[in-house]
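File shown: run06.cif. Contents: mmCIF, C-alpha atoms and all ligand atoms.
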data_model
#
loop_
_atom_site.label_atom_id
_atom_site.label_comp_id
_atom_site.auth_asym_id
_atom_site.auth_seq_id
_atom_site.Cartn_x
_atom_site.Cartn_y
_atom_site.Cartn_z
CA MET A 126 -12.32 -7.31 -1.75
CA ASN A 127 -10.99 -4.01 -2.96
CA TYR A 128 -7.25 -3.37 -3.11
CA ASN A 129 -5.52 -0.10 -3.96
CA ILE A 130 -2.22 -0.62 -5.72
CA ALA A 131 0.19 2.22 -6.41
CA VAL A 132 2.08 1.55 -9.64
CA LEU A 133 5.46 3.22 -10.10
CA GLU A 134 6.47 2.41 -13.65
CA GLY A 135 9.76 4.28 -13.63
CA ASP A 136 12.08 4.32 -16.63
CA GLY A 137 13.22 2.24 -19.58
CA ILE A 138 11.26 -0.99 -19.83
CA GLY A 139 9.40 -0.07 -16.60
CA PRO A 140 6.11 0.90 -18.29
CA GLU A 141 6.04 -2.25 -20.50
CA ILE A 142 6.69 -4.72 -17.72
CA CYS A 143 4.25 -2.99 -15.37
CA ALA A 144 1.58 -3.12 -18.08
CA GLY A 145 2.21 -6.88 -18.28
CA ALA A 146 1.80 -7.31 -14.53
CA VAL A 147 -1.31 -5.13 -14.42
CA CYS A 148 -2.83 -7.21 -17.22
CA VAL A 149 -2.25 -10.40 -15.21
CA LEU A 150 -3.54 -8.82 -11.99
CA LYS A 151 -6.73 -7.68 -13.71
CA LYS A 152 -7.40 -11.17 -14.98
CA THR A 153 -6.68 -12.64 -11.55
CA GLY A 154 -9.09 -10.16 -9.99
CA GLU A 155 -11.83 -11.13 -12.44
CA LYS A 156 -11.32 -14.83 -11.82
CA PHE A 157 -11.20 -14.65 -8.06
CA GLY A 158 -13.63 -11.81 -7.47
CA HIS A 159 -11.32 -9.01 -6.32
CA ARG A 160 -11.09 -5.45 -7.42
CA PHE A 161 -7.62 -4.07 -7.93
CA ASN A 162 -7.54 -0.29 -8.34
CA PHE A 163 -4.38 1.05 -9.93
CA THR A 164 -2.99 4.57 -9.58
CA TYR A 165 0.20 5.66 -11.32
CA HIS A 166 2.92 7.81 -9.77
CA PRO A 167 6.27 9.17 -10.94
CA ILE A 168 9.65 7.94 -9.70
CA GLY A 169 13.22 7.87 -11.06
CA GLY A 170 14.29 9.60 -14.24
CA ARG A 171 10.77 10.53 -15.26
CA ALA A 172 10.24 12.24 -11.94
CA ILE A 173 13.54 14.08 -12.38
CA ASP A 174 12.41 15.36 -15.78
CA GLU A 175 9.03 16.44 -14.49
CA TYR A 176 9.72 17.54 -10.91
CA GLY A 177 13.48 17.91 -10.68
CA ILE A 178 13.79 15.15 -8.05
CA PRO A 179 13.69 11.32 -8.29
CA LEU A 180 11.06 10.84 -5.59
CA PRO A 181 8.39 13.56 -5.33
CA GLU A 182 6.70 13.90 -1.94
CA LYS A 183 3.33 13.11 -3.49
CA THR A 184 4.61 9.74 -4.71
CA VAL A 185 5.70 8.81 -1.18
CA LYS A 186 2.31 9.91 0.13
CA ALA A 187 0.44 7.86 -2.47
CA CYS A 188 2.54 4.77 -1.62
CA LEU A 189 1.93 5.15 2.11
CA GLU A 190 -1.80 5.50 1.48
CA SER A 191 -2.00 2.50 -0.85
CA ASP A 192 -2.44 -1.13 0.15
CA SER A 193 0.76 -2.05 -1.68
CA VAL A 194 3.17 -0.82 -4.33
CA LEU A 195 4.28 -2.30 -7.65
CA LEU A 196 7.45 -0.90 -9.18
CA GLY A 197 8.99 -1.37 -12.64
CA ALA A 198 12.57 -0.11 -12.71
CA VAL A 199 14.48 3.16 -12.50
CA GLY A 200 17.50 4.63 -14.26
CA GLY A 201 18.86 5.30 -17.73
CA TYR A 202 21.73 6.81 -19.70
CA LYS A 203 20.07 10.19 -19.76
CA TRP A 204 20.48 10.65 -16.00
CA ASP A 205 23.81 8.87 -15.54
CA ASP A 206 25.87 11.99 -15.12
CA LEU A 207 23.74 13.64 -12.46
CA PRO A 208 25.16 14.01 -8.93
CA ALA A 209 24.43 11.11 -6.54
CA ASP A 210 21.53 12.87 -4.86
CA LYS A 211 19.71 13.54 -8.11
CA ARG A 212 20.10 10.09 -9.68
CA PRO A 213 17.01 7.97 -10.43
CA GLU A 214 18.33 5.17 -8.16
CA LYS A 215 18.24 7.57 -5.25
CA GLY A 216 14.45 7.70 -5.63
CA LEU A 217 14.17 3.97 -5.11
CA LEU A 218 16.52 4.00 -2.13
CA GLU A 219 14.59 6.87 -0.54
CA LEU A 220 11.31 5.06 -1.07
CA ARG A 221 12.61 1.87 0.59
CA LYS A 222 13.72 4.00 3.52
CA ALA A 223 10.50 6.07 3.67
CA MET A 224 8.39 2.92 3.78
CA ASN A 225 10.83 1.28 6.24
CA LEU A 226 11.16 -1.79 4.03
CA TYR A 227 14.09 -3.46 5.72
CA SER A 228 13.39 -6.97 4.51
CA ASN A 229 13.94 -7.85 0.87
CA ILE A 230 13.15 -11.36 -0.28
CA ARG A 231 14.52 -12.57 -3.60
CA PRO A 232 13.62 -16.13 -4.55
CA ALA A 233 15.75 -17.56 -7.34
CA LYS A 234 14.38 -20.79 -8.65
CA LEU A 235 15.12 -22.86 -11.67
CA TRP A 236 11.87 -23.24 -13.58
CA LYS A 237 11.00 -26.60 -15.01
CA ASN A 238 12.03 -26.71 -18.68
CA LEU A 239 14.29 -23.72 -18.27
CA ALA A 240 17.49 -25.58 -17.35
CA ASP A 241 18.93 -24.76 -20.78
CA ALA A 242 18.72 -21.06 -19.95
CA SER A 243 21.17 -21.58 -17.08
CA PRO A 244 24.82 -21.04 -18.00
CA LEU A 245 25.80 -23.88 -15.63
CA LYS A 246 26.34 -27.47 -16.70
CA TYR A 247 23.22 -29.58 -16.77
CA GLU A 248 24.52 -31.93 -14.00
CA LEU A 249 24.69 -28.99 -11.62
CA VAL A 250 21.14 -27.82 -12.14
CA LYS A 251 19.22 -30.95 -13.10
CA ASN A 252 17.81 -31.55 -9.63
CA GLY A 253 16.45 -28.03 -9.41
CA ILE A 254 17.64 -24.96 -7.57
CA GLU A 255 15.75 -22.73 -5.21
CA ILE A 256 17.76 -20.14 -3.36
CA ILE A 257 15.87 -17.56 -1.37
CA ILE A 258 18.00 -14.55 -0.62
CA VAL A 259 16.89 -12.47 2.33
CA ARG A 260 18.61 -9.15 1.87
CA GLU A 261 18.76 -6.41 4.50
CA LEU A 262 17.45 -3.37 2.64
CA THR A 263 17.56 -0.16 4.67
CA GLY A 264 20.99 -0.27 6.26
CA GLY A 265 24.64 -0.96 5.60
CA ILE A 266 26.83 0.84 3.10
CA TYR A 267 23.82 1.90 1.01
CA PHE A 268 22.76 4.30 3.71
CA GLY A 269 25.98 5.05 5.60
CA GLU A 270 27.81 8.36 5.75
CA ARG A 271 29.53 9.43 2.53
CA THR A 272 32.28 11.90 1.92
CA ARG A 273 34.16 13.38 -0.97
CA GLY A 274 37.20 15.51 -0.77
CA ASN A 275 40.62 16.39 -1.96
CA LYS A 276 43.78 16.05 0.04
CA ASN A 277 46.90 17.60 -1.41
CA GLY A 278 45.60 17.24 -4.94
CA ASP A 279 44.52 13.63 -4.45
CA GLU A 280 40.77 13.36 -4.79
CA TYR A 281 39.08 10.82 -2.53
CA ALA A 282 35.64 9.45 -1.64
CA SER A 283 34.31 7.22 1.12
CA ASP A 284 31.21 5.22 1.98
CA THR A 285 30.53 3.73 5.39
CA GLU A 286 29.09 0.36 6.32
CA LYS A 287 27.24 0.39 9.64
CA TYR A 288 24.88 -2.12 11.24
CA SER A 289 23.26 -2.26 14.66
CA VAL A 290 22.23 -5.39 16.56
CA HIS A 291 18.59 -4.37 16.21
CA GLU A 292 18.90 -4.13 12.41
CA ILE A 293 20.63 -7.50 12.21
CA GLU A 294 18.19 -9.21 14.54
CA ARG A 295 15.05 -8.11 12.73
CA ILE A 296 16.29 -9.37 9.35
CA THR A 297 17.52 -12.60 10.97
CA LYS A 298 14.03 -13.12 12.33
CA VAL A 299 12.53 -12.82 8.84
CA ALA A 300 15.04 -15.33 7.48
CA CYS A 301 14.47 -17.75 10.37
CA GLU A 302 10.69 -17.62 9.95
CA LEU A 303 11.16 -18.49 6.29
CA ALA A 304 13.66 -21.26 7.04
CA MET A 305 11.23 -22.78 9.56
CA LYS A 306 8.62 -23.11 6.81
CA ARG A 307 11.16 -24.79 4.55
CA ALA A 308 14.17 -27.04 5.20
CA LYS A 309 15.17 -25.40 8.53
CA LYS A 310 18.52 -24.57 6.97
CA LEU A 311 19.95 -21.07 6.97
CA VAL A 312 23.15 -19.68 5.49
CA SER A 313 24.35 -16.30 6.69
CA VAL A 314 26.81 -14.52 4.41
CA ASP A 315 29.37 -12.00 5.64
CA LYS A 316 33.02 -11.00 5.40
CA ALA A 317 33.86 -11.56 9.06
CA ASN A 318 37.52 -12.28 8.35
CA VAL A 319 37.97 -8.62 7.41
CA LEU A 320 35.04 -6.38 8.34
CA GLU A 321 33.99 -5.30 11.82
CA THR A 322 30.34 -4.98 10.73
CA SER A 323 30.51 -8.57 9.52
CA ARG A 324 31.87 -9.78 12.85
CA LEU A 325 28.91 -8.14 14.59
CA TRP A 326 26.62 -9.60 11.92
CA ARG A 327 27.94 -13.14 12.43
CA ARG A 328 27.82 -12.98 16.23
CA THR A 329 24.31 -11.49 16.26
CA VAL A 330 22.81 -13.88 13.71
CA ARG A 331 24.25 -16.87 15.58
CA ALA A 332 23.09 -15.74 19.01
CA TYR A 333 19.62 -14.88 17.73
CA CYS A 334 19.20 -18.17 15.91
CA GLU A 335 20.43 -20.27 18.80
CA LYS A 336 18.16 -18.50 21.25
CA HIS A 337 14.94 -18.29 19.23
CA TYR A 338 15.22 -20.97 16.54
CA PRO A 339 17.36 -23.78 17.95
CA GLU A 340 16.00 -26.23 15.35
CA ILE A 341 17.57 -24.28 12.52
CA GLU A 342 20.89 -25.48 11.18
CA LEU A 343 22.85 -22.26 10.70
CA CYS A 344 25.96 -22.02 8.58
CA ASP A 345 28.18 -18.92 8.20
CA VAL A 346 29.79 -18.47 4.80
CA LEU A 347 32.23 -15.77 3.71
CA VAL A 348 30.95 -13.78 0.75
CA ASP A 349 33.83 -14.64 -1.59
CA ASN A 350 33.38 -18.33 -0.87
CA MET A 351 29.63 -17.92 -1.32
CA ALA A 352 30.08 -16.42 -4.79
CA MET A 353 32.16 -19.47 -5.68
CA GLN A 354 29.89 -22.06 -4.03
CA MET A 355 26.88 -20.69 -5.88
CA VAL A 356 28.35 -21.62 -9.23
CA LYS A 357 30.00 -24.79 -7.97
CA ASP A 358 26.97 -26.36 -6.32
CA PRO A 359 23.94 -24.06 -6.24
CA ALA A 360 21.56 -26.80 -5.13
CA GLN A 361 23.13 -26.90 -1.66
CA PHE A 362 21.50 -23.57 -0.70
CA ASP A 363 18.02 -22.80 0.53
CA VAL A 364 17.48 -19.67 2.64
CA VAL A 365 20.35 -17.19 2.66
CA VAL A 366 20.46 -14.05 4.81
CA THR A 367 22.88 -11.23 4.15
CA SER A 368 23.58 -7.51 4.19
CA ASN A 369 22.33 -4.91 1.74
CA LEU A 370 25.40 -4.83 -0.51
CA PHE A 371 26.20 -8.55 -0.49
CA GLY A 372 22.52 -9.32 -1.13
CA ASP A 373 22.51 -7.00 -4.11
CA ILE A 374 25.48 -8.75 -5.66
CA LEU A 375 24.57 -12.34 -4.83
CA SER A 376 20.99 -11.97 -6.05
CA ASP A 377 22.18 -11.04 -9.54
CA GLU A 378 24.41 -14.10 -9.50
CA ALA A 379 21.55 -16.31 -8.30
CA ALA A 380 19.33 -14.89 -11.03
CA GLN A 381 21.77 -15.73 -13.77
CA ILE A 382 22.37 -19.23 -12.42
CA THR A 383 18.64 -19.91 -12.61
CA GLY A 384 18.35 -18.68 -16.17
CA SER A 385 17.73 -14.99 -16.45
CA ILE A 386 17.48 -11.91 -14.34
CA GLY A 387 14.23 -11.35 -16.24
CA MET A 388 12.61 -14.11 -14.19
CA LEU A 389 13.40 -12.93 -10.67
CA ALA A 390 10.95 -11.05 -8.50
CA SER A 391 11.35 -9.49 -5.09
CA SER A 392 9.26 -8.35 -2.19
CA SER A 393 10.25 -5.66 0.26
CA LEU A 394 8.45 -5.46 3.56
CA GLY A 395 8.77 -3.80 6.95
CA GLU A 396 6.56 -3.96 10.01
CA THR A 397 3.27 -3.73 8.11
CA LYS A 398 1.64 -5.63 5.27
CA ARG A 399 2.24 -2.74 2.88
CA GLY A 400 5.12 -3.77 0.67
CA LEU A 401 7.02 -2.82 -2.44
CA TYR A 402 7.16 -5.44 -5.17
CA GLU A 403 9.56 -5.22 -8.05
CA PRO A 404 11.65 -7.29 -10.45
CA ILE A 405 15.29 -7.45 -9.36
CA HIS A 406 16.50 -6.35 -12.78
CA GLY A 407 17.05 -2.82 -13.98
CA SER A 408 15.40 -0.56 -16.53
CA ALA A 409 17.31 -1.99 -19.54
CA PRO A 410 17.31 1.27 -21.53
CA ASP A 411 18.94 -0.51 -24.49
CA ILE A 412 15.75 -2.47 -25.20
CA ALA A 413 13.14 -0.03 -23.88
CA GLY A 414 10.08 0.57 -26.03
CA GLN A 415 10.77 -2.41 -28.32
CA ASP A 416 8.35 -4.83 -26.66
CA VAL A 417 11.06 -7.45 -26.19
CA ALA A 418 11.54 -7.30 -22.40
CA ASN A 419 10.62 -10.25 -20.20
CA PRO A 420 7.60 -9.30 -18.05
CA VAL A 421 7.76 -12.47 -15.92
CA ALA A 422 9.79 -11.03 -13.03
CA THR A 423 7.28 -8.20 -12.63
CA ILE A 424 4.34 -10.57 -13.00
CA LEU A 425 5.82 -12.77 -10.27
CA ALA A 426 6.42 -9.69 -8.14
CA ALA A 427 2.71 -8.90 -8.48
CA ALA A 428 1.94 -12.48 -7.46
CA MET A 429 4.13 -12.09 -4.37
CA MET A 430 2.15 -8.98 -3.51
CA LEU A 431 -1.06 -10.99 -3.55
CA ARG A 432 0.45 -13.62 -1.28
CA ASP A 433 2.54 -11.53 1.11
CA SER A 434 0.54 -8.31 1.39
CA PHE A 435 -3.03 -9.53 0.81
CA ASN A 436 -2.84 -13.17 2.00
CA LEU A 437 -4.20 -14.37 -1.37
CA ASN A 438 -2.36 -17.68 -1.56
CA GLU A 439 -4.50 -19.37 -4.15
CA GLU A 440 -4.23 -16.37 -6.43
CA TYR A 441 -0.44 -16.45 -6.01
CA SER A 442 -0.32 -20.10 -7.04
CA ALA A 443 -2.61 -19.47 -10.02
CA ILE A 444 -0.15 -16.92 -11.41
CA GLU A 445 2.87 -19.11 -10.75
CA THR A 446 1.20 -22.05 -12.46
CA ALA A 447 0.22 -19.87 -15.41
CA VAL A 448 3.86 -18.83 -15.86
CA GLN A 449 4.97 -22.47 -15.78
CA ASP A 450 2.22 -23.43 -18.26
CA VAL A 451 3.34 -20.84 -20.78
CA LEU A 452 6.97 -21.98 -20.42
CA ASP A 453 5.83 -25.58 -20.85
CA GLU A 454 4.22 -24.57 -24.14
CA ASN A 455 7.69 -23.40 -25.22
CA TYR A 456 7.03 -19.68 -25.37
CA ARG A 457 10.09 -17.60 -24.50
CA THR A 458 11.08 -13.96 -24.44
CA ALA A 459 14.45 -13.09 -26.01
CA ASP A 460 16.43 -13.36 -22.74
CA ILE A 461 15.46 -17.00 -22.16
CA MET A 462 15.21 -18.00 -25.79
CA SER A 463 16.86 -21.23 -26.91
CA GLN A 464 16.78 -23.44 -29.98
CA GLY A 465 13.41 -24.85 -30.96
CA LYS A 466 11.41 -22.48 -28.75
CA ILE A 467 8.91 -19.85 -29.84
CA LYS A 468 10.00 -16.28 -29.36
CA VAL A 469 7.41 -13.79 -28.14
CA GLY A 470 7.47 -10.16 -27.02
CA CYS A 471 6.62 -8.58 -23.70
CA THR A 472 2.93 -7.87 -24.37
CA LYS A 473 2.29 -11.29 -25.86
CA MET A 474 4.02 -13.11 -23.01
CA ALA A 475 1.97 -11.24 -20.40
CA GLN A 476 -1.24 -11.77 -22.33
CA MET A 477 -0.62 -15.50 -22.61
CA ILE A 478 0.04 -15.77 -18.88
CA ALA A 479 -3.16 -13.81 -18.16
CA ASP A 480 -5.12 -16.10 -20.48
CA LYS A 481 -4.01 -19.13 -18.45
CA ILE A 482 -5.52 -17.84 -15.24
C1 LIG A 501 18.39 -3.76 -6.95
C2 LIG A 501 19.02 -2.62 -7.71
C3 LIG A 501 19.07 -1.39 -6.82
C4 LIG A 501 19.95 -1.72 -5.63
C5 LIG A 501 19.55 -0.10 -7.51
C6 LIG A 501 18.74 0.22 -8.73
C7 LIG A 501 19.56 1.07 -6.56
O1 LIG A 501 20.26 -2.98 -8.19
O2 LIG A 501 17.25 -3.60 -6.49
O3 LIG A 501 19.03 -4.79 -6.80
O4 LIG A 501 21.18 -1.62 -5.70
O5 LIG A 501 19.39 -2.10 -4.60
MN MN A 502 20.78 -5.08 -7.86
#
Same coordinates, now as structure tokens:
Amino acid sequence: MNYNIAVLEGDGIGPEICAGAVCVLKKTGEKFGHRFNFTYHPIGGRAIDEYGIPLPEKTVKACLESDSVLLGAVGGYKWDDLPADKRPEKGLLELRKAMNLYSNIRPAKLWKNLADASPLKYELVKNGIEIIIVRELTGGIYFGERTRGNKNGDEYASDTEKYSVHEIERITKVACELAMKRAKKLVSVDKANVLETSRLWRRTVRAYCEKHYPEIELCDVLVDNMAMQMVKDPAQFDVVVTSNLFGDILSDEAAQITGSIGMLASSSLGETKRGLYEPIHGSAPDIAGQDVANPVATILAAAMMLRDSFNLNEEYSAIETAVQDVLDENYRTADIMSQGKIKVGCTKMAQMIADKI
């Protein structure tokens, strides 16, 4: 089969980590008899420099015409002082919205032999951790009304959190489907003791689950308690569903608990099979161009694309196994380096993973 993949490298380490993922995809294609065609399109800071905006119309068009999209990362010091609408991050948010990618799945697992990269005590992680965060991605405070003003010399700003039942139900469905394939356990995170949107969230998730997925054991957890529970006993969680903002925060925490943000991939999907696949980490401008970044998150994002957009399950597993094999041989990038291991750069890491396929 032939697959057209739009690659949006973005800024900072974006080009390096995308090159790593493309290298692994090419090898996977050769092995399994697929042809992956890659086209490259600007987004983020680079697009601002070239076109004056973070998401040129032609990039959106190319993404919508592709079979799926692979993204590196956006942002950097150079563009930090631009107004909100011209920031690189705005390009990513607009793209998620333009492709209607309301469902963001972020699996945080503790890799075998990587327990020493977790900052938690060994007893807490020794039995493994796998938390799958299902984050609502096109609603909530990220996309609500914003204001800025000045009242009697006191400058102010506001952002608005808003959710509809429809938005909550469709992300709940995604989480329930996933929970059904796993332990039939679902945790929904909100701040229902304070926020009106959270009270609607809690009520809607519960009603939807009880009606459509009565076998699922649903548990509501307040976000502050969740942040604590995740470091206290991370192994108790399986599938977690939450809003855009809470999902953003908790997925960074989950990533660190399982070792490094450099290992965590994500898929974003809507009503079609065309998705956006990216690492959950940022563009790390401080280490850009030095060939020291960890390409694994992006490589795993590419693997998720094969599985979730193209139904290539075997190919997905081949990449996942290759990553584990390279870790088992003690190769580590700087972010997951520990005593006695062999340090390698971004290109080398990706090449070794590709070689295992
Ligand atoms: C993420 C990132 C983005 C987000 C930024 C870059 C806009 O932090 O994907 O988690 O907040 O969603
Ligand atoms: Mn984030």
Got a sec to check which residues lie within 7 Å of ligand MN 502 (chain A), using all atoms listed in the file, and send them as number ranges by chain? A: 373-374, 377, 405-406
Test item: residues no farther than 9 Å from ligand LIG 501 (chain A), counting only C-alpha atoms and all ligand atoms, as a list of chain:residue names: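 Based on only C-alpha atoms and all ligand atoms, ligand LIG 501 (chain A) is surrounded within 9 Å by A:Ala198, A:Val199, A:Gly200, A:Pro213, A:Glu214, A:Lys215, A:Gly216, A:Leu217, A:Leu218, A:Leu262, A:Tyr267, A:Asn369, A:Leu370, A:Gly372, A:Asp373, A:Ile374, A:Ser376, A:Asp377, A:Ser391, A:Glu403, A:Pro404, A:Ile405, A:His406, A:Gly407, A:Ser408.
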Among A:Tyr441, A:Met474, A:Val348, A:Ile257, Glu454 in chain A is approached most closely, using only C-alpha atoms, by A:Met474
Closest of A:Asn238, A:Lys151, A:Ser228, A:Lys398 to Gln449 in chain A - atom-to-atom distances counting only C-alpha atoms: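 Using only C-alpha atoms, the shortest distance to Gln449 in chain A belongs to A:Asn238.
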Atomic distance CA of Glu270 in chain A - CA of Glu294 in chain A, expressed in Å with one decimal: 21.9 Å
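CA of Thr446 in chain A sits 27.0 Å away from CA of Leu311 in chain A.
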Applying 7 Å and all atoms listed in the file, which residues near range 464-466 of chain A remain after dropping the ones on its own chain fewer than 6 positions away? List them as a PyMOL selection string. chain A and resi 455-457
Nearest to Ala418 in chain A among A:Glu378, A:Asp460, A:Glu219, A:Asp205, with distances taken over all atoms listed in the file: which residue is it?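 Among A:Glu378, A:Asp460, A:Glu219, A:Asp205, it is A:Asp460 that comes nearest to Ala418 in chain A.
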In Å, rounded to a single decimal, give me how far CA of Ser193 in chain A is from CA of Asn162 in chain A. 10.8 Å
Exercise: range 351-355 of chain A partners within 10 Å, all atoms listed in the file, chain neighbours under 6 positions left out, as a PyMOL selection string: chain A and resi 256+312-315+345+361-362+371+374-375+378-379+382
Write out as a ChimeraX atom specification which residues come within 10 Å of Lys473 in chain A when counting all atoms listed in the file, dropping same-chain ones fewer than 2 positions away. /A:145,416-417,420,456,458,468-471,475-479
Would you be able to write out as an mmCIF file with C-alpha atoms, keeping the file's coordinate frame which residues have an atom within 12 Å of (19.8, -17.1, -13.5) in the file's coordinates, counting only C-alpha atoms?
data_model
loop_
_atom_site.group_PDB
_atom_site.id
_atom_site.type_symbol
_atom_site.label_atom_id
_atom_site.label_comp_id
_atom_site.auth_asym_id
_atom_site.auth_seq_id
_atom_site.Cartn_x
_atom_site.Cartn_y
_atom_site.Cartn_z
ATOM 1 C CA PRO A 232 13.620 -16.130 -4.550
ATOM 2 C CA ALA A 233 15.750 -17.560 -7.340
ATOM 3 C CA LYS A 234 14.380 -20.790 -8.650
ATOM 4 C CA LEU A 235 15.120 -22.860 -11.670
ATOM 5 C CA TRP A 236 11.870 -23.240 -13.580
ATOM 6 C CA LEU A 239 14.290 -23.720 -18.270
ATOM 7 C CA ALA A 240 17.490 -25.580 -17.350
ATOM 8 C CA ASP A 241 18.930 -24.760 -20.780
ATOM 9 C CA ALA A 242 18.720 -21.060 -19.950
ATOM 10 C CA SER A 243 21.170 -21.580 -17.080
ATOM 11 C CA PRO A 244 24.820 -21.040 -18.000
ATOM 12 C CA LEU A 245 25.800 -23.880 -15.630
ATOM 13 C CA VAL A 250 21.140 -27.820 -12.140
ATOM 14 C CA ILE A 254 17.640 -24.960 -7.570
ATOM 15 C CA GLU A 255 15.750 -22.730 -5.210
ATOM 16 C CA ILE A 256 17.760 -20.140 -3.360
ATOM 17 C CA MET A 355 26.880 -20.690 -5.880
ATOM 18 C CA VAL A 356 28.350 -21.620 -9.230
ATOM 19 C CA PRO A 359 23.940 -24.060 -6.240
ATOM 20 C CA LEU A 375 24.570 -12.340 -4.830
ATOM 21 C CA SER A 376 20.990 -11.970 -6.050
ATOM 22 C CA ASP A 377 22.180 -11.040 -9.540
ATOM 23 C CA GLU A 378 24.410 -14.100 -9.500
ATOM 24 C CA ALA A 379 21.550 -16.310 -8.300
ATOM 25 C CA ALA A 380 19.330 -14.890 -11.030
ATOM 26 C CA GLN A 381 21.770 -15.730 -13.770
ATOM 27 C CA ILE A 382 22.370 -19.230 -12.420
ATOM 28 C CA THR A 383 18.640 -19.910 -12.610
ATOM 29 C CA GLY A 384 18.350 -18.680 -16.170
ATOM 30 C CA SER A 385 17.730 -14.990 -16.450
ATOM 31 C CA ILE A 386 17.480 -11.910 -14.340
ATOM 32 C CA GLY A 387 14.230 -11.350 -16.240
ATOM 33 C CA MET A 388 12.610 -14.110 -14.190
ATOM 34 C CA LEU A 389 13.400 -12.930 -10.670
ATOM 35 C CA ALA A 390 10.950 -11.050 -8.500
ATOM 36 C CA ILE A 405 15.290 -7.450 -9.360
ATOM 37 C CA HIS A 406 16.500 -6.350 -12.780
ATOM 38 C CA ALA A 422 9.790 -11.030 -13.030
ATOM 39 C CA ASP A 460 16.430 -13.360 -22.740
ATOM 40 C CA ILE A 461 15.460 -17.000 -22.160
#
Select, from A:Val451, A:Ile173, A:Ala413, A:Val290, the residue with the minimum atom-to-atom distance to Leu207 in chain A, counting only C-alpha atoms.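 Going through A:Val451, A:Ile173, A:Ala413, A:Val290 one by one, the smallest distance to Leu207 in chain A is for A:Ile173.
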Can you build me a table of range 174-287 of chain A residues sitting at most 12 Å from range 316-331 of chain A, with the closest atom pair per residue and its distance in Å to one decimal, using all atoms listed in the file, sorted by chain and residue number, as a tab-separated table?
residue	atom	partner	partner_atom	distance
A:Glu261	CA	A:Trp326	CA	11.3
A:Gly264	CA	A:Thr322	CA	11.4
A:Gly265	CA	A:Thr322	CA	8.7
A:Ile266	CA	A:Thr322	CA	10.2
A:Thr285	CA	A:Thr322	CA	10.2
A:Glu286	CA	A:Thr322	CA	7.0
A:Lys287	CA	A:Thr322	CA	6.3
Nearest residue to Arg231 in chain A out of A:Val364, A:Ile341, A:Met126, A:Val448, using all atoms listed in the file?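 So, comparing all the options, the nearest one is A:Val364.
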Long-range neighbours of Val132 in chain A as a compact mmCIF listing (two decimals) with C-alpha atoms, in the coordinates of the input, 10 Å cut-off, only C-alpha atoms, 4 positions minimum in chain:
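Done, and the output landed in selection-v7.txt:
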# COMPACT_ATOMS: atom_id res chain seq x y z
CA PRO A 140 6.11 0.90 -18.29
CA CYS A 143 4.25 -2.99 -15.37
CA ALA A 144 1.58 -3.12 -18.08
CA VAL A 147 -1.31 -5.13 -14.42
CA ASN A 162 -7.54 -0.29 -8.34
CA PHE A 163 -4.38 1.05 -9.93
CA THR A 164 -2.99 4.57 -9.58
CA TYR A 165 0.20 5.66 -11.32
CA HIS A 166 2.92 7.81 -9.77
CA PRO A 167 6.27 9.17 -10.94
CA ILE A 168 9.65 7.94 -9.70
CA THR A 184 4.61 9.74 -4.71
CA ALA A 187 0.44 7.86 -2.47
CA CYS A 188 2.54 4.77 -1.62
CA SER A 191 -2.00 2.50 -0.85
CA SER A 193 0.76 -2.05 -1.68
CA VAL A 194 3.17 -0.82 -4.33
CA LEU A 195 4.28 -2.30 -7.65
CA LEU A 196 7.45 -0.90 -9.18
CA GLY A 197 8.99 -1.37 -12.64
CA LEU A 401 7.02 -2.82 -2.44
CA TYR A 402 7.16 -5.44 -5.17
Which residue gives the smallest distance to Lys309 in chain A among A:Gly414, A:Glu342, A:Lys186, A:Asp349, with only C-alpha atoms counted?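 Of all the options, A:Glu342 lies closest to Lys309 in chain A.
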